[in-house]
Amino acid sequence: MSLSFEGRVVLVTGAGGGLGKEYALAFAERGASVVVNDLGADTKGGGKSSAAADKVVEEIKAKGGKAVANYDSVEDGEKLIQAALDAFGRIDVVVNNAGILRDRSFARTSDLDWDLIHRVHLRGSFLVTRAAWNHMKKQKFGRIIMTASAAGIYGNFGQANYSAAKLGLLGLSNTLAIEGSKYNIHCNTIAPVAGSRLTESVMPPDLVAALKPEYVAPMVLWLCHEQCQENGGLFEVGAGWIGKLRWERTQGCITRQKNQPMTPEAVRDQWDKVCDFTDSNKMTSVQESLQSIMTVLSKVESGHDVAAGPTAGPAAVASSSSGINPTVAVGQKLPPTTFSVSHMQCILYALGVGMSTKDPDHLRFLYEGHPDFSCLPTFGVIPSQAAMMGGLSAVPGLDIDLTQVLHGEQYLELYKPLPTSGMLTSEASIADVLDKGSGALILLDVNTYSGDELICFNQFSVFVVGAGGFGGKRTSEKAKAVVQPPQRAPDAVLADSTTRDQAALYRLSGDWNPLHIDPSFAAMGGFQAPILHGLCSFGFAARHVLKQFADNDPSRFKAIKVRFVKPVMPGQCLQTEMWKEGSRVHIQSKVKETGAVVLSGAYVDLHETAEESASVPQGGLQSELVFAEIGRRIKESGGELVKKVNAVFGWEITKDGKNAAEWIIDLKNGSGALHPGPSGGKADVTFTVSDEDFMDVVLGKLNPQKAFFSGKLKIRGNVMLSQKLEVILKDHAKL
Ligand code: NAI
């Protein structure tokens, strides 16, 4: 679909020539009503003429477009917006483009050179934008462009006045992006490069001719279109190329120590570290920036991660080393915890992640009397979380500061639909500890059981800020990885507003961290207000997938993985973008109001429906996939299975009453193996079952005992060994 501006009213300042003229023509060509503003000044801001704007308006009209001219200076901001209202009744887009130059070396820059540049560029953009702001707010739509310059971003000889004003516009834009986001007013900044009368004095004529304004205008149009969710961005654009810029900050270095003055010598001695961009951070908000500075206070107090000053003795050096020792920590088990589930917990959790009786589909999760009353699959994180809170910092080899702990990623896999009542036991162990430089990443694996039956598995990725640098490895084969979504537009998008009390409600399921309810606690963490739990957004995303692709059937849910990227404030709207690729649904969650990505690299794996899976295997047997998966598992952890099972299983799979496939699962010899073909008398026990019934057993829809007694499953040999089937098909087949 081409991008149309039909019905939109666009003001382009300084549109009598150069880039502005090109923008005006391009907007008009796509249906916008355009106010062509230009004072008709010379490049230094002198003189005045209506000719420039008039010519552009004529050109637009000659092509059948809609435009009016305006000859006021941007310093009369109100008048420009009034011109739009008078001619077209509204204002949707403001492109702040008007500009002049008064280049001088710094020493020769006069007050007038300074003031005039600031008045036209910075103050002019402020006045025009302020005049439009309330109209945009009321109509809940607005797109604003600020025009900066590479001279502002990088500095340029002879342009002190211009550089300062141009980067001032970026600061203005950054704040407007924040203030405007909830009204769907987006503000972005461009630093263009194009041949124009402003650049003809500094560029050779060939270049002026080659760098056409039409290689910039489409970028401006995209940023100003209602489809574009970009907000607060800074872009360099020229010759048809567009690049985005952002801030990068070094890890930095603390240069003072507890109870000691900070000295210039300490700063000097740490200077290389202060300026070392290895493992740099990309800060995106004042909150993030402030939060990291706040952590310095507690680090200095605790002596963690503080560089030794020049006067520090050996004791101070020792206290700077991290309290993490992976050799000791990995494999440590946390004390098991129990969690009692009743319909109350299930319903409270469902409400906590935004389910509502407004949606009739949700009733099965909200009403214990519903015939299909179920627990939401992501409730599986709740009992296991209790295990983690139990005592991560008490684990030997993990001397960590709990105030520095961030929840980085989460993986959850269900082996059975969660029970709506009963007692669950969780066993947590440290799977790995990684050294990420800026912090330590702890992988905590938690298995949750109902009696002896494994119900679900969780992997918490816990980031401990400032605890890195202990010389450990950076990656782990035990980590469940995030997976980026396909490049195409999402296949489905669902959005749901959180309520002002979403975090207050969610915490009742068991996450009592005051960060989510207590404003002063949140402020200490550098947040303007208490933030929503990451696992609450996780619950929103998962139920969106369940609704969109699994008819709200919890038995279809297999696993979920997410990375927590940014906080969500209670009251914001969560939007889940989904891409279906086979049985995997990739997801990305955003805050609708700001466009900020909050969950990334995420996915939900679903069990296929009978129809879906029937169409997959080439041999026409659904069980083939299961055996392939069992084969992979045996390759991965066969040794462990041989120890546990110590038997050879034969399988005869039938289809339409005929023998269709045979398999041997050898978990007795060597490190185990899976072979196709008849067992030849090697099997301790042989099962005969139809392809369909086999799938039902695997998916938990058919109980193996029942299958046996009803004659669906035939067993020859040592019948007792069938009890070990569960181990192969569920716990380890991970189906
Ligand atoms: P241009 O000189 O062709 O266009 C600027 C227009 O603004 C002129 O038509 C001028 O009459 C008008 N103008 C000046 N003062 C005004 C005022 N007080 N009120 C209303 N209109 C006024 O220059 P160009 O190159 O098209 O520049 C457009 C914008 O892009 C400027 O803000 C400039 O600083 C910026 N820019 C351009 C670069 C380039 O490579 N062309 C590089 C970096 C930034």
# chains A, B, ... in the order shown; residues from 1 in each chain; ligands from 1
$ residues_near_ligand --ligand "ligand 1" --cutoff "7 Å" --atoms "only C-alpha atoms and all ligand atoms" --output "JSON, numbers by chain"
{"A": [13, 14, 15, 16, 17, 18, 19, 20, 37, 38, 39, 40, 41, 42, 43, 45, 52, 72, 73, 74, 75, 97, 98, 99, 100, 120, 121, 147, 148, 149, 150, 191, 192, 193, 194, 195, 196, 197, 198, 199]}
$ write_last_selection --atoms "N, CA and C atoms" --output "short mmCIF file (atom, residue, chain, number, x, y, z; two decimals), in the first residue's frame"
data_model
loop_
_atom_site.label_atom_id
_atom_site.label_comp_id
_atom_site.auth_asym_id
_atom_site.auth_seq_id
_atom_site.Cartn_x
_atom_site.Cartn_y
_atom_site.Cartn_z
N THR A 13 8.17 24.69 6.98
CA THR A 13 8.75 26.03 7.08
C THR A 13 9.97 26.12 6.16
N GLY A 14 10.20 27.31 5.67
CA GLY A 14 11.34 27.50 4.74
C GLY A 14 11.19 26.66 3.49
N ALA A 15 9.95 26.61 2.96
CA ALA A 15 9.67 25.70 1.83
C ALA A 15 9.76 26.39 0.47
N GLY A 16 10.36 27.61 0.47
CA GLY A 16 10.46 28.32 -0.81
C GLY A 16 11.57 27.79 -1.70
N GLY A 17 12.45 26.96 -1.16
CA GLY A 17 13.55 26.42 -1.98
C GLY A 17 14.19 25.25 -1.27
N GLY A 18 15.24 24.74 -1.85
CA GLY A 18 16.05 23.69 -1.23
C GLY A 18 15.23 22.51 -0.76
N LEU A 19 15.57 21.99 0.41
CA LEU A 19 14.91 20.79 0.94
C LEU A 19 13.43 21.02 1.20
N GLY A 20 13.10 22.20 1.78
CA GLY A 20 11.71 22.48 2.16
C GLY A 20 10.79 22.41 0.96
N ASN A 37 5.51 27.70 3.77
CA ASN A 37 5.97 28.91 4.45
C ASN A 37 7.36 29.28 3.94
N ASP A 38 7.56 30.54 3.66
CA ASP A 38 8.92 31.03 3.42
C ASP A 38 8.94 32.55 3.49
N LEU A 39 9.91 33.00 4.25
CA LEU A 39 10.08 34.44 4.43
C LEU A 39 10.69 35.07 3.18
N GLY A 40 11.33 34.25 2.39
CA GLY A 40 12.00 34.77 1.20
C GLY A 40 13.24 35.56 1.54
N ALA A 41 13.94 35.11 2.61
CA ALA A 41 15.14 35.83 3.03
C ALA A 41 16.35 35.35 2.23
N ASP A 42 17.48 36.10 2.36
CA ASP A 42 18.72 35.57 1.78
C ASP A 42 19.32 34.56 2.75
N THR A 43 20.43 33.94 2.37
CA THR A 43 20.95 32.84 3.19
C THR A 43 21.37 33.30 4.58
N GLY A 45 19.69 35.54 6.32
CA GLY A 45 18.52 35.99 7.07
C GLY A 45 18.10 37.40 6.70
N ALA A 52 9.27 33.32 -3.37
CA ALA A 52 9.74 31.94 -3.22
C ALA A 52 8.56 31.02 -2.89
N ASP A 72 5.32 34.56 6.66
CA ASP A 72 5.79 35.02 7.97
C ASP A 72 7.11 34.35 8.34
N SER A 73 7.81 35.03 9.22
CA SER A 73 9.03 34.40 9.75
C SER A 73 8.61 33.36 10.79
N VAL A 74 9.41 32.29 10.90
CA VAL A 74 9.12 31.28 11.92
C VAL A 74 9.14 31.88 13.33
N GLU A 75 9.72 33.07 13.45
CA GLU A 75 9.70 33.73 14.76
C GLU A 75 8.29 34.16 15.14
N ASN A 97 11.98 23.40 9.11
CA ASN A 97 13.06 23.28 8.14
C ASN A 97 13.76 24.61 7.85
N ALA A 98 13.04 25.73 8.11
CA ALA A 98 13.61 27.03 7.73
C ALA A 98 14.98 27.22 8.36
N GLY A 99 15.86 27.83 7.63
CA GLY A 99 17.18 28.02 8.21
C GLY A 99 18.05 28.99 7.46
N ILE A 100 19.02 29.53 8.20
CA ILE A 100 19.99 30.45 7.62
C ILE A 100 21.37 30.09 8.17
N VAL A 120 16.16 31.93 14.59
CA VAL A 120 15.51 31.27 13.45
C VAL A 120 15.42 29.77 13.68
N HIS A 121 16.54 29.13 14.01
CA HIS A 121 16.54 27.66 14.11
C HIS A 121 15.85 27.17 15.37
N THR A 147 14.97 19.88 12.25
CA THR A 147 16.10 19.73 11.33
C THR A 147 17.39 20.13 12.04
N ALA A 148 18.18 19.13 12.35
CA ALA A 148 19.50 19.39 12.95
C ALA A 148 20.54 19.38 11.84
N SER A 149 21.75 19.08 12.19
CA SER A 149 22.81 19.10 11.18
C SER A 149 24.00 18.31 11.72
N ALA A 150 24.76 17.73 10.76
CA ALA A 150 25.99 17.04 11.18
C ALA A 150 26.91 18.01 11.91
N ALA A 191 19.29 15.01 10.32
CA ALA A 191 20.46 15.80 9.92
C ALA A 191 20.66 15.50 8.44
N PRO A 192 20.11 16.37 7.58
CA PRO A 192 20.13 16.05 6.14
C PRO A 192 21.43 16.50 5.48
N VAL A 193 21.67 15.93 4.33
CA VAL A 193 22.74 16.44 3.46
C VAL A 193 22.15 16.54 2.06
N ALA A 194 22.17 17.75 1.50
CA ALA A 194 21.63 17.92 0.14
C ALA A 194 22.23 19.17 -0.47
N GLY A 195 22.30 19.17 -1.78
CA GLY A 195 22.73 20.36 -2.48
C GLY A 195 21.64 21.42 -2.38
N SER A 196 22.00 22.62 -1.95
CA SER A 196 21.04 23.72 -1.89
C SER A 196 21.83 25.01 -1.86
N ARG A 197 21.13 26.12 -1.79
CA ARG A 197 21.89 27.38 -1.77
C ARG A 197 22.71 27.50 -0.48
N LEU A 198 22.29 26.76 0.58
CA LEU A 198 23.07 26.81 1.82
C LEU A 198 24.38 26.07 1.68
N THR A 199 24.37 25.01 0.86
CA THR A 199 25.58 24.20 0.76
C THR A 199 26.43 24.55 -0.46
#
$ select_by_dssp --residues "range 40-181 of chain A" --states "alpha helix (DSSP H)" --output "ChimeraX atom specification"
/A:51-62,77-88,111-117,124-139,150-154,160-180
$ atom_distance --atom1 "CA of Asn703 in chain A" --atom2 "CA of Gly672 in chain A"
26.0 Å
$ residues_around --residues "range 53-67 of chain A" --least-positions-apart "5" --cutoff "6 Å" --atoms "only C-alpha atoms" --output "MDAnalysis selection string"
chainID A and resid 16 28 33:36 38
$ closest_atom_pairs --of "range 585-669 of chain A" --to "range 534-537 of chain A" --cutoff "9 Å" --atoms "only C-alpha atoms" --output "Markdown table"
| residue | atom | partner | partner_atom | distance |
| --- | --- | --- | --- | --- |
| A:Ser589 | CA | A:Ser537 | CA | 8.1 |
| A:Val598 | CA | A:Ser537 | CA | 8.2 |
| A:Leu599 | CA | A:Ser537 | CA | 7.9 |
$ write_last_selection --atoms "N, CA and C atoms" --output "mmCIF file, in the first residue's frame"
data_model
loop_
_atom_site.group_PDB
_atom_site.id
_atom_site.type_symbol
_atom_site.label_atom_id
_atom_site.label_comp_id
_atom_site.auth_asym_id
_atom_site.auth_seq_id
_atom_site.Cartn_x
_atom_site.Cartn_y
_atom_site.Cartn_z
ATOM 1 N N SER A 589 6.836 -7.582 22.036
ATOM 2 C CA SER A 589 5.839 -6.740 22.706
ATOM 3 C C SER A 589 6.329 -5.311 22.758
ATOM 4 N N VAL A 598 9.395 -3.862 24.588
ATOM 5 C CA VAL A 598 9.586 -4.248 25.986
ATOM 6 C C VAL A 598 9.947 -5.721 26.143
ATOM 7 N N LEU A 599 9.464 -6.558 25.231
ATOM 8 C CA LEU A 599 9.888 -7.963 25.224
ATOM 9 C C LEU A 599 10.446 -8.230 23.836
#
$ atom_distance --atom1 "CA of Phe538 in chain A" --atom2 "CA of Gln332 in chain A"
27.6 Å
$ atom_distance --atom1 "CA of Ala165 in chain A" --atom2 "CA of Ser105 in chain A"
15.7 Å
$ residues_around --residues "Val405 in chain A" --least-positions-apart "3" --cutoff "8 Å" --atoms "only C-alpha atoms" --output "ChimeraX atom specification"
/A:401-402,462-465
$ closest_atom_pairs --of "range 477-590 of chain A" --to "range 430-433 of chain A" --cutoff "10 Å" --atoms "only C-alpha atoms" --output "Markdown table"
| residue | atom | partner | partner_atom | distance |
| --- | --- | --- | --- | --- |
| A:Glu477 | CA | A:Asp432 | CA | 9.3 |
| A:Lys478 | CA | A:Ala431 | CA | 6.9 |
| A:Ala479 | CA | A:Asp432 | CA | 8.2 |
$ residues_around --residues "Thr594 in chain A" --least-positions-apart "6" --cutoff "8 Å" --atoms "only C-alpha atoms" --output "PyMOL selection string"
chain A and resi 178+181-182+229+231
$ write_last_selection --atoms "C-alpha atoms" --output "mmCIF file, in the first residue's frame"
data_model
loop_
_atom_site.group_PDB
_atom_site.id
_atom_site.type_symbol
_atom_site.label_atom_id
_atom_site.label_comp_id
_atom_site.auth_asym_id
_atom_site.auth_seq_id
_atom_site.Cartn_x
_atom_site.Cartn_y
_atom_site.Cartn_z
ATOM 1 C CA ILE A 178 8.402 11.887 25.598
ATOM 2 C CA SER A 181 3.889 10.009 23.005
ATOM 3 C CA LYS A 182 0.661 9.496 24.890
ATOM 4 C CA GLN A 229 5.787 4.598 15.059
ATOM 5 C CA ASN A 231 9.531 8.632 17.998
#
$ residues_around --residues "Ser163 in chain A" --least-positions-apart "6" --cutoff "7 Å" --atoms "only C-alpha atoms" --output "list of chain:residue names"
A:Ala151, A:Gly152, A:Gly155
$ closest_residue --among "A:Ile587, A:Leu699, A:Leu245, A:Met344" --to "Pro417 in chain A" --atoms "only C-alpha atoms"
A:Leu699
$ select_by_dssp --residues "range 146-196 of chain A" --states "strand (DSSP E)" --output "MDAnalysis selection string"
chainID A and resid 146:147 185:193
$ closest_residue --among "A:Val341, A:Lys273, A:Asp359, A:Gly466" --to "Thr425 in chain A" --atoms "only C-alpha atoms"
A:Val341
$ residues_around --residues "range 249-262 of chain A" --least-positions-apart "3" --cutoff "6 Å" --atoms "only C-alpha atoms" --output "PDB file with N, CA and C atoms, in the first residue's frame"
ATOM      1  N   ALA A 266      42.915  10.252  41.172  1.00  0.00           N
ATOM      2  CA  ALA A 266      42.199   8.987  40.946  1.00  0.00           C
ATOM      3  C   ALA A 266      41.531   9.016  39.580  1.00  0.00           C
ATOM      4  N   VAL A 267      40.999  10.182  39.212  1.00  0.00           N
ATOM      5  CA  VAL A 267      40.369  10.322  37.894  1.00  0.00           C
ATOM      6  C   VAL A 267      41.420  10.099  36.809  1.00  0.00           C
ATOM      7  N   VAL A 274      37.753   4.916  32.080  1.00  0.00           N
ATOM      8  CA  VAL A 274      36.605   5.819  31.915  1.00  0.00           C
ATOM      9  C   VAL A 274      36.233   5.911  30.428  1.00  0.00           C
ATOM     10  N   ASP A 276      37.006   3.704  27.937  1.00  0.00           N
ATOM     11  CA  ASP A 276      37.083   2.441  27.191  1.00  0.00           C
ATOM     12  C   ASP A 276      35.680   1.985  26.761  1.00  0.00           C
ATOM     13  N   PHE A 277      35.467   1.968  25.447  1.00  0.00           N
ATOM     14  CA  PHE A 277      34.117   1.648  24.943  1.00  0.00           C
ATOM     15  C   PHE A 277      33.821   0.147  24.849  1.00  0.00           C
ATOM     16  N   SER A 280      30.199  -1.298  25.905  1.00  0.00           N
ATOM     17  CA  SER A 280      29.539  -0.028  26.237  1.00  0.00           C
ATOM     18  C   SER A 280      28.037  -0.217  26.406  1.00  0.00           C
ATOM     19  N   ASN A 281      27.407   0.759  27.017  1.00  0.00           N
ATOM     20  CA  ASN A 281      25.948   0.725  27.210  1.00  0.00           C
ATOM     21  C   ASN A 281      25.285   1.695  26.256  1.00  0.00           C
ATOM     22  N   VAL A 300      29.760   1.839  46.073  1.00  0.00           N
ATOM     23  CA  VAL A 300      30.832   2.439  46.867  1.00  0.00           C
ATOM     24  C   VAL A 300      30.678   1.985  48.315  1.00  0.00           C
ATOM     25  N   GLU A 301      29.435   1.986  48.796  1.00  0.00           N
ATOM     26  CA  GLU A 301      29.181   1.553  50.177  1.00  0.00           C
ATOM     27  C   GLU A 301      29.672   0.130  50.413  1.00  0.00           C
ATOM     28  N   VAL A 306      34.714  -1.176  42.664  1.00  0.00           N
ATOM     29  CA  VAL A 306      35.311   0.142  42.780  1.00  0.00           C
ATOM     30  C   VAL A 306      36.783   0.026  42.430  1.00  0.00           C
ATOM     31  N   ALA A 307      37.193   0.834  41.485  1.00  0.00           N
ATOM     32  CA  ALA A 307      38.593   0.744  41.080  1.00  0.00           C
ATOM     33  C   ALA A 307      39.480   1.253  42.205  1.00  0.00           C
TER      34      ALA A 307
END
$ closest_residue --among "A:Gly240, A:Gly451, A:Gly639, A:Gly582" --to "Val220 in chain A" --atoms "only C-alpha atoms"
A:Gly240
$ closest_residue --among "A:Ile531, A:Val493, A:Val128, A:Leu85" --to "Lys592 in chain A" --atoms "only C-alpha atoms"
A:Val493
